[in-house]
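File shown here: coords30.tsv, holding TSV, C-alpha atoms.
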chain	number	residue	atom	x	y	z
V	1	MET	CA	21.91	13.21	-4.13
V	2	SER	CA	21.24	15.99	-6.65
V	3	GLU	CA	17.72	14.64	-7.20
V	4	TYR	CA	17.11	14.93	-3.46
V	5	LYS	CA	18.43	18.50	-3.49
V	6	ILE	CA	16.06	19.47	-6.30
V	7	ALA	CA	13.17	17.87	-4.43
V	8	ALA	CA	14.07	19.82	-1.27
V	9	THR	CA	14.13	23.14	-3.17
V	10	GLU	CA	10.88	22.30	-4.89
V	11	LEU	CA	9.35	21.40	-1.56
V	12	GLU	CA	10.20	24.84	-0.20
V	13	GLU	CA	8.76	26.46	-3.32
V	14	ILE	CA	5.55	24.46	-3.03
V	15	ALA	CA	5.18	25.36	0.65
V	16	ALA	CA	5.69	29.04	-0.21
V	17	ALA	CA	3.25	28.91	-3.16
V	18	ILE	CA	0.53	27.40	-0.97
V	19	GLN	CA	0.83	30.49	1.25
V	20	HIS	CA	1.21	33.09	-1.53
V	21	PRO	CA	0.16	32.52	-5.16
V	22	GLN	CA	2.91	34.93	-6.32
V	23	ALA	CA	5.48	32.45	-4.99
V	24	PHE	CA	4.29	29.94	-7.59
V	25	GLU	CA	6.39	31.71	-10.22
V	26	PRO	CA	9.66	29.69	-9.87
V	27	LEU	CA	7.72	26.42	-10.28
V	28	TYR	CA	5.84	27.91	-13.21
V	29	ARG	CA	9.01	29.06	-14.96
V	30	ARG	CA	10.80	25.74	-14.43
V	31	HIS	CA	8.05	23.54	-15.82
V	32	PHE	CA	6.34	25.81	-18.33
V	33	SER	CA	8.44	24.81	-21.33
V	34	ALA	CA	7.81	21.05	-20.94
V	35	ILE	CA	4.07	21.41	-20.41
V	36	TYR	CA	3.61	24.02	-23.13
V	37	SER	CA	5.59	21.99	-25.69
V	38	TYR	CA	3.57	18.88	-24.89
V	39	ILE	CA	0.25	20.69	-25.30
V	40	ARG	CA	1.44	22.65	-28.34
V	41	LYS	CA	2.47	19.47	-30.15
V	42	SER	CA	-0.83	17.79	-29.22
V	43	VAL	CA	-3.15	20.54	-30.41
V	44	GLY	CA	-0.94	22.03	-33.13
V	45	ASN	CA	-2.07	25.58	-32.42
V	46	GLN	CA	-0.05	28.29	-30.67
V	47	GLU	CA	-2.85	30.36	-29.11
V	48	LEU	CA	-4.86	27.37	-28.00
V	49	ALA	CA	-1.75	25.81	-26.47
V	50	ALA	CA	-1.04	29.02	-24.52
V	51	ASP	CA	-4.63	29.04	-23.18
V	52	LEU	CA	-4.62	25.37	-22.23
V	53	THR	CA	-1.18	25.65	-20.58
V	54	SER	CA	-2.42	28.63	-18.61
V	55	ASP	CA	-5.41	26.53	-17.48
V	56	VAL	CA	-3.06	23.72	-16.41
V	57	PHE	CA	-0.91	26.00	-14.26
V	58	TYR	CA	-3.94	27.79	-12.87
V	59	ALA	CA	-5.44	24.45	-11.82
V	60	ALA	CA	-2.08	23.48	-10.30
V	61	MET	CA	-1.80	26.78	-8.45
V	62	VAL	CA	-5.25	26.62	-6.85
V	63	ASN	CA	-5.02	22.91	-6.06
V	64	LEU	CA	-1.44	22.88	-4.84
V	65	LYS	CA	-2.55	21.74	-1.38
V	66	GLN	CA	-3.74	18.49	-2.95
V	67	TYR	CA	-0.32	17.67	-4.38
V	68	LYS	CA	1.12	14.65	-2.61
V	69	ILE	CA	4.89	14.91	-2.16
V	70	ASN	CA	6.82	12.13	-3.85
V	71	ALA	CA	10.30	11.36	-5.11
V	72	PHE	CA	9.50	12.45	-8.68
V	73	GLY	CA	8.77	16.09	-7.90
V	74	ILE	CA	5.85	18.09	-9.20
V	75	ARG	CA	6.44	17.41	-12.94
V	76	PRO	CA	4.37	14.17	-13.22
V	77	TRP	CA	1.53	15.86	-11.33
V	78	LEU	CA	1.58	18.76	-13.81
V	79	PHE	CA	1.52	16.30	-16.71
V	80	LYS	CA	-1.48	14.60	-15.10
V	81	ILE	CA	-3.32	17.93	-15.03
V	82	ALA	CA	-2.26	18.63	-18.63
V	83	LEU	CA	-3.57	15.21	-19.64
V	84	ASN	CA	-6.96	16.01	-18.09
V	85	GLN	CA	-7.09	19.42	-19.78
V	86	LEU	CA	-6.32	17.85	-23.15
V	87	ARG	CA	-8.88	15.10	-22.57
V	88	MET	CA	-11.56	17.73	-21.87
V	89	HIS	CA	-10.48	19.78	-24.86
V	90	PHE	CA	-10.66	16.86	-27.30
V	91	ARG	CA	-13.99	15.64	-25.92
V	92	LYS	CA	-15.47	19.11	-26.32
V	93	ASN	CA	-14.07	19.88	-29.74
V	94	ALA	CA	-13.90	16.45	-31.41
V	95	LYS	CA	-10.68	17.37	-33.20
V	96	ALA	CA	-7.84	15.02	-34.04
V	97	MET	CA	-5.10	14.71	-31.46
V	98	HIS	CA	-1.68	15.32	-32.99
V	99	ILE	CA	1.19	12.95	-32.33
V	100	PRO	CA	4.33	14.24	-34.06
V	101	LEU	CA	6.67	11.34	-34.71
V	102	SER	CA	10.14	11.36	-36.23
V	103	GLU	CA	11.18	8.62	-38.63
V	104	ASN	CA	13.21	6.96	-35.86
V	105	HIS	CA	10.21	6.89	-33.58
V	106	LEU	CA	8.01	5.63	-36.41
V	107	MET	CA	10.21	2.57	-36.83
V	108	GLU	CA	9.49	1.57	-33.22
V	109	PHE	CA	5.90	0.91	-34.24
V	110	VAL	CA	6.57	-1.48	-37.07
V	111	LEU	CA	8.21	-4.84	-37.49
V	112	ILE	CA	9.04	-4.79	-41.14
V	113	ASP	CA	12.19	-5.06	-43.21
V	114	GLN	CA	10.79	-3.55	-46.34
V	115	LYS	CA	10.96	0.19	-46.78
V	116	VAL	CA	7.73	2.04	-46.28
V	117	GLU	CA	7.67	5.72	-46.93
V	118	ALA	CA	7.44	7.78	-43.75
V	119	ASN	CA	4.30	9.58	-44.88
V	120	GLU	CA	2.58	6.31	-45.75
V	121	LEU	CA	3.60	4.96	-42.38
V	122	ARG	CA	2.21	8.06	-40.66
V	123	GLN	CA	-1.12	7.54	-42.42
V	124	ILE	CA	-1.29	3.86	-41.45
V	125	LEU	CA	-0.35	4.65	-37.87
V	126	SER	CA	-2.87	7.48	-37.67
V	127	ASN	CA	-5.59	4.99	-38.55
V	128	GLN	CA	-4.26	2.41	-36.12
V	129	LEU	CA	-3.84	4.78	-33.21
V	130	SER	CA	-7.33	6.13	-33.81
V	131	GLN	CA	-8.60	2.63	-32.98
V	132	LEU	CA	-6.91	2.61	-29.56
V	133	SER	CA	-8.56	3.69	-26.32
V	134	GLU	CA	-7.99	7.21	-25.01
V	135	GLU	CA	-5.69	5.87	-22.30
V	136	GLU	CA	-3.56	3.97	-24.79
V	137	GLN	CA	-3.29	7.00	-27.06
V	138	GLU	CA	-2.28	9.17	-24.12
V	139	PHE	CA	0.31	6.62	-23.04
V	140	ILE	CA	1.96	6.78	-26.46
V	141	GLN	CA	1.69	10.53	-26.52
V	142	LEU	CA	3.34	10.94	-23.12
V	143	ARG	CA	6.17	8.64	-24.12
V	144	PHE	CA	6.88	9.94	-27.62
V	145	VAL	CA	5.63	13.53	-27.55
V	146	ALA	CA	6.31	14.62	-23.97
V	147	GLU	CA	9.33	12.27	-23.90
V	148	CYS	CA	8.53	11.15	-20.36
V	149	SER	CA	10.79	8.50	-18.88
V	150	PHE	CA	9.23	5.21	-17.79
V	151	LYS	CA	9.77	6.33	-14.21
V	152	GLU	CA	7.73	9.47	-14.88
V	153	LEU	CA	5.12	7.52	-16.83
V	154	GLY	CA	4.74	5.24	-13.82
V	155	ALA	CA	4.27	8.25	-11.55
V	156	ILE	CA	1.70	9.82	-13.90
V	157	LEU	CA	-0.29	6.61	-14.30
V	158	ASN	CA	0.13	5.41	-10.71
V	159	VAL	CA	1.97	2.25	-11.70
V	160	SER	CA	5.55	1.06	-11.19
V	161	GLU	CA	8.31	1.79	-13.70
V	162	ASP	CA	8.36	-1.88	-14.73
V	163	ALA	CA	4.60	-1.93	-15.22
V	164	ALA	CA	4.88	1.16	-17.44
V	165	LYS	CA	7.60	-0.55	-19.52
V	166	MET	CA	5.48	-3.69	-19.79
V	167	ARG	CA	2.42	-1.70	-20.81
V	168	MET	CA	4.35	0.08	-23.56
V	169	SER	CA	5.84	-3.16	-24.83
V	170	ARG	CA	2.36	-4.77	-25.01
V	171	LEU	CA	0.96	-1.74	-26.74
V	172	LEU	CA	3.70	-1.73	-29.38
V	173	ASP	CA	3.20	-5.48	-29.91
V	174	LYS	CA	-0.52	-4.92	-30.35
V	175	LEU	CA	0.14	-2.26	-32.98
V	176	LYS	CA	2.64	-4.46	-34.79
V	177	ARG	CA	0.18	-7.36	-34.80
V	178	ASN	CA	-2.51	-5.15	-36.31
V	179	PHE	CA	-0.22	-3.79	-39.00
V	180	PRO	CA	-1.72	-4.28	-42.48
V	181	GLN	CA	-0.97	-7.80	-43.81
V	182	SER	CA	0.36	-6.44	-47.08
V	183	LEU	CA	3.17	-4.67	-45.25
V	184	LYS	CA	4.21	-7.53	-43.01
V	185	PRO	CA	7.44	-9.34	-43.94
T	1	MET	CA	-14.84	0.01	-20.70
T	2	ASN	CA	-13.83	2.99	-22.74
T	3	GLU	CA	-15.54	2.87	-26.13
T	4	ASN	CA	-14.30	6.30	-27.12
T	5	LYS	CA	-12.35	6.32	-30.36
T	6	ARG	CA	-10.56	9.61	-30.58
T	7	LYS	CA	-9.08	10.52	-33.93
T	8	VAL	CA	-5.30	10.66	-33.98
T	9	GLU	CA	-3.17	12.32	-36.60
T	10	ILE	CA	0.50	11.41	-36.83
T	11	THR	CA	2.27	14.56	-37.93
T	12	GLN	CA	5.78	15.61	-38.91
T	13	PRO	CA	7.88	16.39	-35.84
T	14	SER	CA	8.72	20.01	-35.22
T	15	GLU	CA	10.47	21.64	-32.30
T	16	VAL	CA	8.62	24.34	-30.40
T	17	ASP	CA	10.43	27.63	-30.88
T	18	GLN	CA	12.02	29.16	-27.75
T	19	LYS	CA	10.61	32.59	-28.69
T	20	GLU	CA	7.14	31.10	-28.87
T	21	ILE	CA	7.59	29.63	-25.38
T	22	GLU	CA	8.77	32.95	-23.99
T	23	LYS	CA	5.81	34.73	-25.56
T	24	ALA	CA	3.33	32.29	-24.02
T	25	GLN	CA	5.05	32.26	-20.63
T	26	ASP	CA	3.35	35.18	-18.96
T	27	PHE	CA	2.97	34.67	-15.23
T	28	SER	CA	0.89	37.83	-14.76
T	29	ARG	CA	-1.85	36.16	-16.84
T	30	LEU	CA	-2.12	33.48	-14.17
T	31	ILE	CA	-2.22	35.98	-11.32
T	32	THR	CA	-4.91	38.02	-13.10
T	33	LYS	CA	-6.99	34.87	-13.52
T	34	PHE	CA	-6.52	34.07	-9.85
T	35	ASP	CA	-7.57	37.57	-8.77
T	36	GLU	CA	-10.58	37.49	-11.11
T	37	ALA	CA	-11.73	34.19	-9.62
T	38	LYS	CA	-11.62	35.70	-6.13
T	39	LYS	CA	-13.94	38.56	-7.07
T	40	PRO	CA	-17.60	38.16	-6.03
T	41	LEU	CA	-20.02	37.03	-8.71
T	42	THR	CA	-21.53	39.80	-10.81
T	43	GLN	CA	-25.30	40.33	-10.57
T	44	ARG	CA	-25.86	38.67	-13.93
T	45	ARG	CA	-23.75	35.63	-13.15
T	46	LEU	CA	-25.33	35.41	-9.71
T	47	PHE	CA	-28.78	35.35	-11.34
T	48	GLU	CA	-27.73	32.62	-13.78
T	49	TYR	CA	-26.19	30.65	-10.93
T	50	LYS	CA	-29.38	30.86	-8.84
T	51	GLN	CA	-31.51	30.06	-11.88
T	52	ARG	CA	-29.52	26.90	-12.57
T	53	TRP	CA	-29.93	25.67	-8.98
T	54	PHE	CA	-33.64	26.55	-9.03
T	55	PHE	CA	-34.29	24.36	-12.09
T	56	LEU	CA	-32.18	21.56	-10.69
T	57	ALA	CA	-34.17	21.69	-7.44
T	58	ILE	CA	-37.47	21.48	-9.38
T	59	VAL	CA	-36.26	18.44	-11.31
T	60	ILE	CA	-35.11	16.70	-8.13
T	61	ILE	CA	-38.42	17.46	-6.34
T	62	ALA	CA	-40.37	16.18	-9.36
T	63	LEU	CA	-38.34	12.97	-9.37
T	64	ILE	CA	-38.93	12.46	-5.62
T	65	ILE	CA	-42.69	12.99	-6.04
T	66	MET	CA	-42.78	10.55	-8.97
T	67	LEU	CA	-40.85	8.04	-6.89
T	68	LEU	CA	-43.22	8.45	-3.94
T	69	LEU	CA	-46.25	8.00	-6.20
T	70	GLY	CA	-44.75	4.76	-7.47
T	71	TYR	CA	-44.37	6.03	-10.99
T	72	PHE	CA	-41.18	4.03	-11.60
Structure re-expressed in structure tokens:
Amino acid sequence: MSEYKIAATELEEIAAAIQHPQAFEPLYRRHFSAIYSYIRKSVGNQELAADLTSDVFYAAMVNLKQYKINAFGIRPWLFKIALNQLRMHFRKNAKAMHIPLSENHLMEFVLIDQKVEANELRQILSNQLSQLSEEEQEFIQLRFVAECSFKELGAILNVSEDAAKMRMSRLLDKLKRNFPQSLKP
Amino acid sequence: MNENKRKVEITQPSEVDQKEIEKAQDFSRLITKFDEAKKPLTQRRLFEYKQRWFFLAIVIIALIIMLLLGYF
């Protein structure tokens, strides 16, 4: 019920913003923090993150007519735009994409009993994730950095929630399989 | 198939500061950008724009001529 209410309010805001760009402000204020944090963590630079986030919302504002109304609201659509902006940025600048991971998150990537130091694990995972395709890296990033739910991930990637869960599970298995032999139990 | 191997760096997690978010969250910046985009092209940019299309047209015409002459 509350989800429906939010969607109805958002719908009104979108309709208003299509008519007048100034009316985009409530949408901008509501979603800025999530998009900015995601970009900031990915690029690791404050000014660059502010510029890229501004580009994301500008693209959203001028292309708002193209947004297709769905049950998830505008958030997944904004993440899709952010994903494209980041993709363009990394292709142009050839810099490393940051994926900040806590120790708890790190343990989701490994299948080992023995203790490996978090920094060592970060180094191993950096090498492993660098071998993945762009799409796979982005999938991990959206899940662990943007903390998107599987429902949202499905909406961003145009797949069902179950398919998103399955894809993540396969990806984690693939990483575990490729974990250095010396660190396997 | 995507052959691109983008470098990834796993970093220490850090929360983005609320003050930093507030500083970056300037809606007027977006409106200024929007207004700027609506302005007509300046003479210089208009020249560059026309120049780009001119060269593109020459390349396309050259390709058509080469195709017609059976060059390929």
Residue list for chain V near chain T as a count of residues only, 9 Å, only C-alpha atoms
50
Please return the centre and edge lengths, in Å to one decimal, of a box with edges along x, y and z that contains all listed atoms of range 31-49 of chain T, widened by 6 Å on every side, as lines of an AutoDock Vina configuration file.
center_x = -15.5
center_y = 35.5
center_z = -10.0
size_x = 38.6
size_y = 21.7
size_z = 19.9
Step by step: start from the point (11.0, 27.6, -7.3) in the file's coordinates, keep every protein, DNA or RNA residue that has an atom no farther than 10 Å from it, count only C-alpha atoms, and write the set as a ChimeraX atom specification.
/V:6,9-14,16-17,23-31
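The space between CA of Asn84 in chain V and CA of Val43 in chain V spans 13.7 Å.
Note that the spacing between CA of Gly73 in chain V and CA of Lys165 in chain V amounts to 20.3 Å.
Note that the spacing between CA of Glu152 in chain V and CA of Phe139 in chain V amounts to 11.4 Å.
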Contacts of Tyr67 in chain V at 12 Å or less, counting all atoms listed in the file, minus same-chain residues fewer than 3 places along, as a ChimeraX atom specification?
/V:11,14-15,17-18,59-64,70,72-78,80-81
Residue with smallest distance to Ile39 in chain V - pool V:Asn93, V:Asn178, V:Gln66, V:Gln141, counting all atoms listed in the file
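For Ile39 in chain V, the nearest of the given residues is V:Gln141.
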